[in-house]
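Novice: Take this structure first; my questions come after.
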Amino acid sequence: MKMREWRLVRAKTNKLGSGTDQLAPSWVDWGLEGSVEVPVANCNEKYYNAQKTTDIKLDDFITYWKDYSEKGHPSDMPSLYLKDWHFPKDFPEANIYRVPQYFASDWLNEYLCGKTSINDDYRFVTPFHADVFTSFSWSANVCGRKRWLLFPPGQENNLRDKFGRLAYDATAPELHDSTMFPNYHKLCGHFEIIQKAGEVIFVPSGWHHQVWNLEDTISINHNWVNGCNIKTMWDSLQNNLLAVKKEVEDYSAIDGWEDHCQLMLRATYGMNYEEFYNFLHFIATRRLDYLGNNNPNIMFGEWKIGINHAIFDLVQLKKCNLVKSSK
């Protein structure tokens, strides 16, 4: 299925007016509940190194969006952004898009869709950041334009202040203050892209990036992990645990210190060792079931993998060399 054949894209092209007029009537057309709560970030309100996010009703956001757009995006109104809404989880039967074939090998969504008991609440920020779990990501613009700044792995270190904190805004004037950002002058090799409607951006693992919506924009975004970057995710998880342990090493003598470190790893990274093991076990079990019992693995978007793909996944899983403790 081509992007132009997505139900969401067809709805957009069949409507007249701005992005809000194009989309809002479709919620009713599709029988969706406007009372569902959606995550909305206030782009004008910084919260640590991200943006303040709250949950509001979809109908309320649509009303705000229309008003904000019709008034010409006035500066005295909050700049709200509906983002990180896990739409297929709220409306699994809507089928408003299909994952492109190139991105179909998606272990993360395969796992989360297969483990319905998991409350996946991974929030992905729009200020300067790398994606959760050092995952890949893809972003398809249904309408509107986005500006992207992308930095190859390692370049983000030139955007850290003297305390090691990552810049909130990769274009902020204060970055030129060498007393606060001593390595900024070393920055090189980043990419700037203007993404138009109908275009898809792929972001590799570990590439820090910052994104601006240049106009009213609707996009589909996925973070995803598969056999090509699972080792990167495992390395990142281990490095994050080392960072946690370093922060609390003064308390290493207390009972249950390792367990506490795993709790903090879960809070900061979004996953701990046990959850990572369960994640790998789920994928390995499905691939072995396919190879041993000829039970095809249906991926997110109804794609199917082949035998060679299943074997490749198992080989990549083995590289993680993770053995669950008997504890």
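Just so we're on the same page: first chain in the structure tokens is A, next is B, and so on; residues restart at 1 for each chain, and ligands are numbered from 1 in the order they show up.
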Which residues are close to range 301-312 of chain A, i.e. within 6 Å by only C-alpha atoms, leaving aside same-chain residues fewer than 3 positions away? Reply as a VMD selection string.

Specialist: chain A and resid 98 to 99 287 297 to 298 315

Novice: Can those selected residues be exported to a file as a compact mmCIF listing (two decimals), in the first residue's frame so that it contains C-alpha atoms?

Specialist:
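Written output follows (result_13.txt):
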# COMPACT_ATOMS: atom_id res chain seq x y z
CA ARG A 98 -0.12 1.00 7.06
CA VAL A 99 3.50 0.72 8.09
CA ARG A 287 10.87 -16.76 15.35
CA ASN A 297 4.93 -14.15 12.12
CA ILE A 298 2.51 -11.36 11.29
CA VAL A 315 21.47 -14.65 14.86

Novice: Can you tell me which residues surround Asp177 in chain A at a distance of at most 12 Å, considering only C-alpha atoms, apart from same-chain residues fewer than 4 positions away, and format the answer as an mmCIF file with C-alpha atoms, in the first residue's frame?

Specialist:
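Heads up, here's the output in selection-v3.cif:
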data_model
loop_
_atom_site.group_PDB
_atom_site.id
_atom_site.type_symbol
_atom_site.label_atom_id
_atom_site.label_comp_id
_atom_site.auth_asym_id
_atom_site.auth_seq_id
_atom_site.Cartn_x
_atom_site.Cartn_y
_atom_site.Cartn_z
ATOM 1 C CA LEU A 159 26.288 20.504 22.132
ATOM 2 C CA ARG A 160 26.823 19.752 25.811
ATOM 3 C CA ASP A 161 27.505 22.470 28.324
ATOM 4 C CA LYS A 162 30.456 22.436 30.712
ATOM 5 C CA ALA A 172 20.092 28.652 20.714
ATOM 6 C CA PRO A 173 22.329 31.777 20.715
ATOM 7 C CA PHE A 181 29.579 25.352 25.737
ATOM 8 C CA PRO A 182 33.327 24.782 25.310
ATOM 9 C CA ASN A 183 33.043 22.290 22.420
ATOM 10 C CA TYR A 184 30.427 23.996 20.278
ATOM 11 C CA HIS A 185 33.081 25.309 17.881
#

Novice: Tell me, in Å to one decimal, how far CA of Trp224 in chain A is from CA of Leu112 in chain A.

Specialist: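 Interatomic distance here is 11.1 Å.
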
Novice: Just checking: using only C-alpha atoms, which residue out of A:Val132, A:Cys43, A:Leu263, A:Leu317 ends up closest to Val203 in chain A?

Specialist: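 Looking at the shortest contact to Val203 in chain A, the residue is A:Val132.
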
Novice: Return as a PyMOL selection string the full set of residues in range 27-99 of chain A whose backbone-based DSSP assignment is helix (DSSP H, G or I).

Specialist: chain A and resi 27-29+58-70+87-90

Novice: Store the residues picked out above in a file with C-alpha atoms, as a PDB file, in the first residue's frame.

Specialist:
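Output (selection33.pdb):
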ATOM      1  CA  TRP A  27     -13.075  11.481  13.581  1.00  0.00           C
ATOM      2  CA  VAL A  28     -16.860  11.411  13.246  1.00  0.00           C
ATOM      3  CA  ASP A  29     -16.767   9.771   9.818  1.00  0.00           C
ATOM      4  CA  LEU A  58      -9.338  15.042  21.578  1.00  0.00           C
ATOM      5  CA  ASP A  59     -12.386  17.242  20.926  1.00  0.00           C
ATOM      6  CA  ASP A  60     -10.919  19.962  23.137  1.00  0.00           C
ATOM      7  CA  PHE A  61      -7.628  19.864  21.268  1.00  0.00           C
ATOM      8  CA  ILE A  62      -9.358  20.053  17.862  1.00  0.00           C
ATOM      9  CA  THR A  63     -11.345  23.071  19.079  1.00  0.00           C
ATOM     10  CA  TYR A  64      -8.149  24.745  20.291  1.00  0.00           C
ATOM     11  CA  TRP A  65      -6.289  23.913  17.065  1.00  0.00           C
ATOM     12  CA  LYS A  66      -8.975  25.427  14.848  1.00  0.00           C
ATOM     13  CA  ASP A  67      -9.084  28.571  16.961  1.00  0.00           C
ATOM     14  CA  TYR A  68      -5.283  28.872  17.058  1.00  0.00           C
ATOM     15  CA  SER A  69      -4.993  28.382  13.291  1.00  0.00           C
ATOM     16  CA  GLU A  70      -7.846  30.714  12.352  1.00  0.00           C
ATOM     17  CA  PHE A  87      -3.483   5.992  17.893  1.00  0.00           C
ATOM     18  CA  PRO A  88      -3.583   2.299  16.875  1.00  0.00           C
ATOM     19  CA  LYS A  89      -3.768   1.342  20.544  1.00  0.00           C
ATOM     20  CA  ASP A  90      -6.844   3.533  21.129  1.00  0.00           C
TER      21      ASP A  90
END
